[in-house]
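Asks: Structure supplied as run_27.csv; contents: CSV, C-alpha atoms and all ligand atoms.
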```csv
chain,number,residue,atom,x,y,z
P,1,MET,CA,0.3,47.4,62.1
P,2,ILE,CA,1.0,44.5,64.5
P,3,ALA,CA,-1.0,41.3,65.0
P,4,ILE,CA,-0.6,38.9,68.0
P,5,LEU,CA,-0.5,35.2,67.3
P,6,TRP,CA,-0.7,32.5,69.9
P,7,GLN,CA,1.8,29.7,69.3
P,8,THR,CA,1.3,26.0,70.1
P,9,ASP,CA,3.3,26.5,73.4
P,10,GLY,CA,0.7,29.1,74.4
P,11,GLU,CA,3.3,32.0,74.1
P,12,PRO,CA,2.1,35.1,72.2
P,13,GLU,CA,4.1,36.2,69.2
P,14,GLU,CA,4.1,39.7,67.8
P,15,ILE,CA,4.1,39.8,64.0
P,16,ALA,CA,3.7,42.6,61.4
P,17,VAL,CA,0.3,42.2,59.6
P,18,THR,CA,2.0,42.4,56.2
P,19,GLU,CA,4.3,39.5,57.2
P,20,LEU,CA,1.3,37.5,58.4
P,21,LEU,CA,-0.6,38.0,55.2
P,22,HIS,CA,2.3,36.5,53.2
P,23,ARG,CA,2.9,33.5,55.4
P,24,SER,CA,1.7,30.0,54.2
P,25,GLY,CA,-2.0,29.5,54.6
P,26,PHE,CA,-3.8,27.3,57.0
P,27,LEU,CA,-6.0,25.2,54.6
P,28,GLY,CA,-3.1,23.0,53.4
P,29,THR,CA,-3.1,24.3,49.8
P,30,SER,CA,-0.5,26.4,48.1
P,31,ALA,CA,-2.3,29.6,49.1
P,32,ASN,CA,-0.9,32.2,51.4
P,33,TRP,CA,-2.5,33.2,54.7
P,34,ALA,CA,-4.2,36.2,53.0
P,35,ALA,CA,-5.9,34.1,50.3
P,36,ASP,CA,-7.1,31.5,52.9
P,37,MET,CA,-8.5,34.3,55.0
P,38,THR,CA,-10.2,35.8,52.0
P,39,LEU,CA,-11.9,32.5,51.2
P,40,LEU,CA,-13.1,32.0,54.7
P,41,LEU,CA,-14.3,35.6,55.1
P,42,SER,CA,-16.1,35.5,51.7
P,43,LEU,CA,-17.9,32.4,52.8
P,44,LEU,CA,-18.9,34.2,56.0
P,45,VAL,CA,-20.2,37.2,53.9
P,46,ALA,CA,-22.3,34.8,51.8
P,47,ALA,CA,-23.7,33.2,55.0
P,48,LEU,CA,-24.5,36.6,56.4
P,49,PHE,CA,-26.3,37.6,53.2
P,50,THR,CA,-28.4,34.4,53.4
P,51,VAL,CA,-29.3,35.0,57.1
P,52,GLY,CA,-30.2,38.6,56.2
P,53,ALA,CA,-32.4,37.4,53.3
P,54,VAL,CA,-34.2,35.1,55.7
P,55,MET,CA,-34.8,38.0,58.1
P,56,ALA,CA,-36.4,40.0,55.2
P,57,LEU,CA,-38.7,37.1,54.4
P,58,ARG,CA,-39.7,37.0,58.1
P,59,GLN,CA,-40.3,40.8,57.8
P,60,ARG,CA,-37.6,41.6,60.4
P,61,TYR,CA,-36.4,44.6,58.3
P,62,GLU,CA,-34.3,46.3,60.9
P,63,ALA,CA,-32.2,43.1,61.5
P,64,HIS,CA,-32.1,42.6,57.8
P,65,ARG,CA,-30.7,46.1,57.1
P,66,TRP,CA,-28.0,45.7,59.7
P,67,ILE,CA,-26.9,42.2,58.6
P,68,GLN,CA,-26.8,43.1,54.9
P,69,THR,CA,-24.9,46.3,55.6
P,70,SER,CA,-22.3,44.5,57.7
P,71,GLY,CA,-21.9,41.8,54.9
P,72,ALA,CA,-21.5,44.5,52.2
P,73,VAL,CA,-18.9,46.5,54.2
P,74,LEU,CA,-16.8,43.4,54.9
P,75,ASN,CA,-17.1,42.4,51.2
P,76,VAL,CA,-15.9,45.9,50.1
P,77,ILE,CA,-12.8,45.5,52.4
P,78,LEU,CA,-12.0,42.0,50.9
P,79,VAL,CA,-12.4,43.1,47.3
P,80,VAL,CA,-10.6,46.4,47.5
P,81,TRP,CA,-7.8,45.1,49.7
P,82,LEU,CA,-7.3,41.5,48.7
P,83,MET,CA,-8.7,40.9,45.2
P,84,ILE,CA,-8.1,43.9,42.9
P,85,LEU,CA,-4.3,43.9,43.3
P,86,PRO,CA,-3.7,40.2,42.5
P,87,TYR,CA,-6.1,40.6,39.5
P,88,ARG,CA,-4.0,43.5,38.2
P,89,ASP,CA,-0.7,41.8,38.8
P,90,PHE,CA,-1.4,38.2,37.7
P,91,VAL,CA,-4.4,38.2,35.4
P,92,ALA,CA,-4.7,41.6,33.7
P,93,PRO,CA,-1.3,41.3,31.8
P,94,GLY,CA,-2.6,38.1,30.1
P,95,ILE,CA,-5.9,39.7,28.9
P,96,PRO,CA,-6.9,39.2,26.1
P,97,ALA,CA,-4.1,37.0,24.8
P,98,ARG,CA,-4.3,34.2,27.4
P,99,LEU,CA,-8.1,34.2,27.9
P,100,GLY,CA,-8.2,30.6,26.5
P,101,GLU,CA,-6.4,29.4,29.6
P,102,SER,CA,-8.6,28.4,32.6
P,103,PHE,CA,-6.6,30.4,35.2
P,104,TYR,CA,-7.4,33.6,33.2
P,105,TRP,CA,-11.0,33.0,32.1
P,106,ILE,CA,-12.2,31.6,35.4
P,107,THR,CA,-10.8,34.6,37.3
P,108,THR,CA,-12.0,37.1,34.7
P,109,LEU,CA,-15.5,35.7,34.7
P,110,HIS,CA,-15.5,35.9,38.5
P,111,ALA,CA,-14.2,39.5,38.3
P,112,VAL,CA,-16.8,40.6,35.7
P,113,ILE,CA,-19.8,39.1,37.6
P,114,GLY,CA,-18.2,40.3,40.9
P,115,PHE,CA,-18.0,43.9,39.5
P,116,PHE,CA,-21.8,43.8,39.0
P,117,ALA,CA,-22.5,42.2,42.3
P,118,PHE,CA,-20.2,44.8,44.0
P,119,THR,CA,-21.8,47.8,42.3
P,120,PHE,CA,-25.4,46.6,42.6
P,121,GLY,CA,-25.0,45.4,46.2
P,122,ASN,CA,-23.4,48.6,47.5
P,123,PHE,CA,-26.0,50.6,45.6
P,124,VAL,CA,-28.8,48.8,47.4
P,125,VAL,CA,-27.0,49.2,50.8
P,126,LEU,CA,-26.5,52.9,50.3
P,127,ARG,CA,-30.2,53.3,49.3
P,128,GLY,CA,-31.4,51.2,52.2
P,129,ASN,CA,-29.4,53.4,54.6
P,130,GLY,CA,-30.7,56.6,53.2
P,131,LEU,CA,-27.3,57.6,51.7
P,132,MET,CA,-28.1,57.6,48.0
P,133,ILE,CA,-28.3,60.8,46.0
P,134,LYS,CA,-31.8,61.8,44.9
P,135,ALA,CA,-31.2,61.3,41.2
P,136,LEU,CA,-30.3,57.7,41.7
P,137,LYS,CA,-33.0,56.7,44.1
P,138,PHE,CA,-35.1,53.7,43.2
P,139,ASN,CA,-38.2,52.3,44.8
P,140,ASN,CA,-38.6,48.7,43.6
P,141,TYR,CA,-36.4,47.5,46.4
P,142,LYS,CA,-37.4,43.8,46.2
P,143,LEU,CA,-36.2,43.3,42.7
P,144,PHE,CA,-32.9,45.1,43.3
P,145,MET,CA,-32.2,43.2,46.5
P,146,ARG,CA,-33.0,39.8,44.9
P,147,ALA,CA,-30.8,40.6,42.0
P,148,ALA,CA,-27.9,41.7,44.3
P,149,TYR,CA,-28.3,38.5,46.4
P,150,ILE,CA,-28.2,36.3,43.3
P,151,LEU,CA,-25.1,38.1,41.9
P,152,TYR,CA,-23.3,37.9,45.3
P,153,MET,CA,-23.9,34.2,45.6
P,154,ALA,CA,-22.9,33.5,42.0
P,155,THR,CA,-19.7,35.5,42.5
P,156,THR,CA,-18.9,33.6,45.7
P,157,LEU,CA,-19.3,30.3,44.0
P,158,LEU,CA,-17.1,31.5,41.1
P,159,GLY,CA,-14.6,32.7,43.8
P,160,VAL,CA,-14.3,29.2,45.3
P,161,TRP,CA,-13.6,28.0,41.7
P,162,VAL,CA,-10.9,30.7,41.4
P,163,TYR,CA,-9.4,29.5,44.7
P,164,PHE,CA,-9.1,25.9,43.2
P,165,ALA,CA,-7.8,27.2,39.9
P,166,TRP,CA,-5.1,29.3,41.7
P,167,PHE,CA,-4.0,27.2,44.6
P,168,VAL,CA,-5.2,23.6,44.2
P,169,ASN,CA,-5.1,22.5,40.5
P,170,ASN,CA,-2.2,24.7,39.6
P,171,PRO,CA,1.4,23.5,39.1
P,172,ASN,CA,2.6,27.2,39.1
P,173,PRO,CA,0.5,28.9,41.8
P,174,PRO,CA,0.9,32.7,42.1
P,175,VAL,CA,3.3,33.7,44.9
P,176,TYR,CA,2.8,37.1,46.5
P,201,LIG,C1,-19.2,40.7,45.3
P,201,LIG,C2,-18.0,40.7,44.9
P,201,LIG,C3,-17.0,39.5,45.1
P,201,LIG,C4,-17.1,38.4,45.8
P,201,LIG,C5,-18.2,37.9,46.7
P,201,LIG,C6,-15.8,37.7,45.6
P,201,LIG,C7,-15.5,36.4,46.2
P,201,LIG,C8,-14.3,35.8,46.1
P,201,LIG,C9,-13.9,34.5,46.7
P,201,LIG,C10,-14.8,33.6,47.6
P,201,LIG,C11,-12.6,34.2,46.3
P,201,LIG,C12,-11.8,33.0,46.7
P,201,LIG,C13,-10.8,33.4,47.8
P,201,LIG,C14,-9.3,33.5,47.3
P,201,LIG,O1,-9.0,32.9,46.3
P,201,LIG,O2,-8.5,34.1,48.0
P,201,LIG,C15,-12.1,35.3,45.5
P,201,LIG,C16,-10.9,35.4,44.9
P,201,LIG,C17,-10.5,36.4,44.0
P,201,LIG,N1,-11.2,37.4,43.5
P,201,LIG,FE1,-13.1,37.9,44.1
P,201,LIG,N2,-15.0,38.4,44.7
P,201,LIG,C18,-15.7,39.5,44.4
P,201,LIG,C19,-15.3,40.5,43.5
P,201,LIG,C20,-14.1,40.5,42.7
P,201,LIG,C21,-13.7,41.5,41.8
P,201,LIG,C22,-14.5,42.7,41.4
P,201,LIG,C23,-12.4,41.1,41.3
P,201,LIG,C24,-11.5,41.8,40.3
P,201,LIG,C25,-11.2,43.0,40.2
P,201,LIG,C26,-12.1,39.9,42.0
P,201,LIG,C27,-10.9,39.2,41.8
P,201,LIG,C28,-10.5,38.1,42.6
P,201,LIG,C29,-9.1,37.5,42.5
P,201,LIG,C30,-8.0,38.0,41.6
P,201,LIG,C31,-9.1,36.4,43.4
P,201,LIG,C32,-7.9,35.5,43.8
P,201,LIG,C33,-7.2,36.4,44.8
P,201,LIG,C34,-6.5,35.6,45.9
P,201,LIG,O3,-6.5,34.4,45.9
P,201,LIG,O4,-6.0,36.2,46.8
P,201,LIG,N3,-13.1,39.5,42.9
P,201,LIG,N4,-13.2,36.2,45.3
```
What would you get if you wrote out this structure as C-alpha cells?

Replies:
Amino acid sequence: MIAILWQTDGEPEEIAVTELLHRSGFLGTSANWAADMTLLLSLLVAALFTVGAVMALRQRYEAHRWIQTSGAVLNVILVVWLMILPYRDFVAPGIPARLGESFYWITTLHAVIGFFAFTFGNFVVLRGNGLMIKALKFNNYKLFMRAAYILYMATTLLGVWVYFAWFVNNPNPPVY
C-alpha cells in the first residue's frame, strides 16, 4: 500500500505505508511514526466516546450510536494492528520474570484493563447495532455502557503512561 506525503517544498512523495510507519515520529520523542499516530488516534477515540456519551445524556440516541460505533471500530483497528504485536515482541517475553520493572508492569496493567475495555466495549456496540447472538443479549444497557466508557477512559490514560514509559523516560526505547 502506498501513501502520499507532502514535503516542505510542496512536492508530493510516494512512500510505502510500512516504511512510513517505521519512520521517526512527529512528536519529538523516540517513538516512531506508528506509535505517535497510535497515541493521537487513541486520544481522538477517547474524545469521540466522550462526545457520544454527551449525546446519550441529551437523549440523541441515533447520533450516540453512530459516534460510539465509529470510535469502537477505530479502536479495534489500533489495538489489533498496532498494540498486540509490540506487546508480544517486547513485553510478553519478560512476563512474569521482569514484572517488577516499570516498563513491563505499566504496559501489562494497560493491556489487562485494555482487554476488558475492548471486550466489553465491542460487546455493547454489537448489542446496540442488533448484531449480538440471542444467548448473550442483555437489557440493562446503561450500566454496561457506563462501565465500558469508564474502562476505555482508564485504558487511554494508562496508554499515555505507556507512551511515556516507552518513548520519553526510557534510555533504551524499543525500536521496531
Ligand atoms: C480499549 C482498549 C485500548 C486502548 C484505548 C488503548 C490505548 C493506548 C494508548 C493511548 C497508547 C499510547 C500510544 C502508543 O504508545 O503508541 C497505547 C499503547 C500501547 N498499548 Fe494499548 N490500548 C488498548 C488496548 C490494549 C491491549 C488489549 C494491549 C495488549 C495486548 C495493548 C498494548 C499496548 C502496547 C504494547 C502499547 C505500546 C505500543 C506502541 O507504542 O506502539 N493495548 N494503548

Asks: Excluding region 138-150 of chain P and its own-chain neighbours fewer than 4 positions away, which residues fall within 6 Å of it when counting only C-alpha atoms? Please give them as a list in words.

Replies: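 What passes the distance filter is Ala117, Phe120 and Gly121 of chain P.
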
Asks: Please find the residues contacting ligand LIG 201 (chain P) at a distance of at most 6 Å between atoms, with all atoms listed in the file counted, and report them as a list in words.

Replies: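 Answer in the requested format: Ala35, Asp36, Thr38, Leu39, Ser42, Val79, Leu82, Met83, Ile84, Pro86, Tyr87, Ala111, Gly114, Phe115, Ala117, Phe118, Tyr152, Thr155, Thr156, Gly159, Val160, Val162 and Tyr163 of chain P.
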
Asks: Produce a file of the selected residues containing C-alpha atoms, as a CSV table (one decimal), in the frame of the given file.

Replies:
```csv
chain,number,residue,atom,x,y,z
P,35,ALA,CA,-5.9,34.1,50.3
P,36,ASP,CA,-7.1,31.5,52.9
P,38,THR,CA,-10.2,35.8,52.0
P,39,LEU,CA,-11.9,32.5,51.2
P,42,SER,CA,-16.1,35.5,51.7
P,79,VAL,CA,-12.4,43.1,47.3
P,82,LEU,CA,-7.3,41.5,48.7
P,83,MET,CA,-8.7,40.9,45.2
P,84,ILE,CA,-8.1,43.9,42.9
P,86,PRO,CA,-3.7,40.2,42.5
P,87,TYR,CA,-6.1,40.6,39.5
P,111,ALA,CA,-14.2,39.5,38.3
P,114,GLY,CA,-18.2,40.3,40.9
P,115,PHE,CA,-18.0,43.9,39.5
P,117,ALA,CA,-22.5,42.2,42.3
P,118,PHE,CA,-20.2,44.8,44.0
P,152,TYR,CA,-23.3,37.9,45.3
P,155,THR,CA,-19.7,35.5,42.5
P,156,THR,CA,-18.9,33.6,45.7
P,159,GLY,CA,-14.6,32.7,43.8
P,160,VAL,CA,-14.3,29.2,45.3
P,162,VAL,CA,-10.9,30.7,41.4
P,163,TYR,CA,-9.4,29.5,44.7
```

Asks: In Å, rounded to a single decimal, give me how far CA of Leu109 (chain P) is from CA of Met132 (chain P).

Replies: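 Taking CA of Met132 (chain P) as the start and CA of Leu109 (chain P) as the end point, the length is 28.6 Å.
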
Asks: Rounded to one decimal place, report the CA of Pro174 (chain P)-CA of Leu151 (chain P) distance in Å.

Replies: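 Computed distance, CA of Pro174 (chain P) to CA of Leu151 (chain P), equals 26.6 Å.
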
Asks: Measuring between only C-alpha atoms, which one of P:Ala34, P:Leu131, P:Leu74, P:Leu5 shows the shortest distance to Leu48 (chain P)?

Replies: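 The closest residue to Leu48 (chain P) is P:Leu74.
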
Asks: Could you give me, as a PyMOL selection string, the residues within 12 Å of Ser24 (chain P), counting all atoms listed in the file and dropping anything in the same chain fewer than 2 positions from it?

Replies: chain P and resi 19-22+26-37+167+175-176

Asks: Go ahead and save the picked residues with C-alpha atoms, as a short mmCIF file (atom, residue, chain, number, x, y, z; two decimals), in the coordinates of the input.

Replies:
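Listed below is the output, out-v2.cif:
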```
data_model
loop_
_atom_site.label_atom_id
_atom_site.label_comp_id
_atom_site.auth_asym_id
_atom_site.auth_seq_id
_atom_site.Cartn_x
_atom_site.Cartn_y
_atom_site.Cartn_z
CA GLU P 19 4.30 39.50 57.20
CA LEU P 20 1.30 37.50 58.40
CA LEU P 21 -0.60 38.00 55.20
CA HIS P 22 2.30 36.50 53.20
CA PHE P 26 -3.80 27.30 57.00
CA LEU P 27 -6.00 25.20 54.60
CA GLY P 28 -3.10 23.00 53.40
CA THR P 29 -3.10 24.30 49.80
CA SER P 30 -0.50 26.40 48.10
CA ALA P 31 -2.30 29.60 49.10
CA ASN P 32 -0.90 32.20 51.40
CA TRP P 33 -2.50 33.20 54.70
CA ALA P 34 -4.20 36.20 53.00
CA ALA P 35 -5.90 34.10 50.30
CA ASP P 36 -7.10 31.50 52.90
CA MET P 37 -8.50 34.30 55.00
CA PHE P 167 -4.00 27.20 44.60
CA VAL P 175 3.30 33.70 44.90
CA TYR P 176 2.80 37.10 46.50
#
```

Asks: Please, could N, CA and C atoms be added to region 109-133 of chain P and the result written as a CSV table (one decimal), in the coordinates of the input?

Replies:
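Contents of result.csv, as written:
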```
chain,number,residue,atom,x,y,z
P,109,LEU,N,-14.1,35.8,34.5
P,109,LEU,CA,-15.5,35.7,34.7
P,109,LEU,C,-15.9,36.1,36.1
P,110,HIS,N,-15.2,35.6,37.1
P,110,HIS,CA,-15.5,35.9,38.5
P,110,HIS,C,-15.4,37.5,38.7
P,111,ALA,N,-14.4,38.1,38.1
P,111,ALA,CA,-14.2,39.5,38.3
P,111,ALA,C,-15.3,40.3,37.6
P,112,VAL,N,-15.8,39.9,36.4
P,112,VAL,CA,-16.8,40.6,35.7
P,112,VAL,C,-18.2,40.5,36.5
P,113,ILE,N,-18.5,39.3,36.8
P,113,ILE,CA,-19.8,39.1,37.6
P,113,ILE,C,-19.7,39.8,39.0
P,114,GLY,N,-18.4,39.7,39.6
P,114,GLY,CA,-18.2,40.3,40.9
P,114,GLY,C,-18.3,41.8,40.8
P,115,PHE,N,-17.9,42.4,39.7
P,115,PHE,CA,-18.0,43.9,39.5
P,115,PHE,C,-19.5,44.3,39.6
P,116,PHE,N,-20.4,43.5,38.9
P,116,PHE,CA,-21.8,43.8,39.0
P,116,PHE,C,-22.4,43.6,40.3
P,117,ALA,N,-22.0,42.5,41.0
P,117,ALA,CA,-22.5,42.2,42.3
P,117,ALA,C,-22.1,43.3,43.3
P,118,PHE,N,-20.8,43.7,43.2
P,118,PHE,CA,-20.2,44.8,44.0
P,118,PHE,C,-21.0,46.1,43.8
P,119,THR,N,-21.1,46.5,42.6
P,119,THR,CA,-21.8,47.8,42.3
P,119,THR,C,-23.2,47.8,42.7
P,120,PHE,N,-23.9,46.7,42.3
P,120,PHE,CA,-25.4,46.6,42.6
P,120,PHE,C,-25.6,46.5,44.1
P,121,GLY,N,-24.8,45.6,44.8
P,121,GLY,CA,-25.0,45.4,46.2
P,121,GLY,C,-24.8,46.6,47.0
P,122,ASN,N,-23.7,47.4,46.7
P,122,ASN,CA,-23.4,48.6,47.5
P,122,ASN,C,-24.4,49.7,47.2
P,123,PHE,N,-24.9,49.7,46.0
P,123,PHE,CA,-26.0,50.6,45.6
P,123,PHE,C,-27.2,50.4,46.5
P,124,VAL,N,-27.6,49.1,46.6
P,124,VAL,CA,-28.8,48.8,47.4
P,124,VAL,C,-28.6,49.2,48.9
P,125,VAL,N,-27.3,48.9,49.4
P,125,VAL,CA,-27.0,49.2,50.8
P,125,VAL,C,-27.1,50.7,51.0
P,126,LEU,N,-26.5,51.5,50.1
P,126,LEU,CA,-26.5,52.9,50.3
P,126,LEU,C,-28.0,53.5,50.3
P,127,ARG,N,-28.8,52.9,49.4
P,127,ARG,CA,-30.2,53.3,49.3
P,127,ARG,C,-30.9,52.9,50.5
P,128,GLY,N,-30.7,51.7,51.0
P,128,GLY,CA,-31.4,51.2,52.2
P,128,GLY,C,-31.0,52.0,53.5
P,129,ASN,N,-29.8,52.6,53.5
P,129,ASN,CA,-29.4,53.4,54.6
P,129,ASN,C,-29.6,54.9,54.4
P,130,GLY,N,-30.4,55.2,53.4
P,130,GLY,CA,-30.7,56.6,53.2
P,130,GLY,C,-29.5,57.5,52.7
P,131,LEU,N,-28.5,56.8,52.1
P,131,LEU,CA,-27.3,57.6,51.7
P,131,LEU,C,-27.2,57.8,50.2
P,132,MET,N,-28.2,57.4,49.4
P,132,MET,CA,-28.1,57.6,48.0
P,132,MET,C,-28.6,59.0,47.5
P,133,ILE,N,-27.8,59.5,46.5
P,133,ILE,CA,-28.3,60.8,46.0
P,133,ILE,C,-29.6,60.7,45.3
```
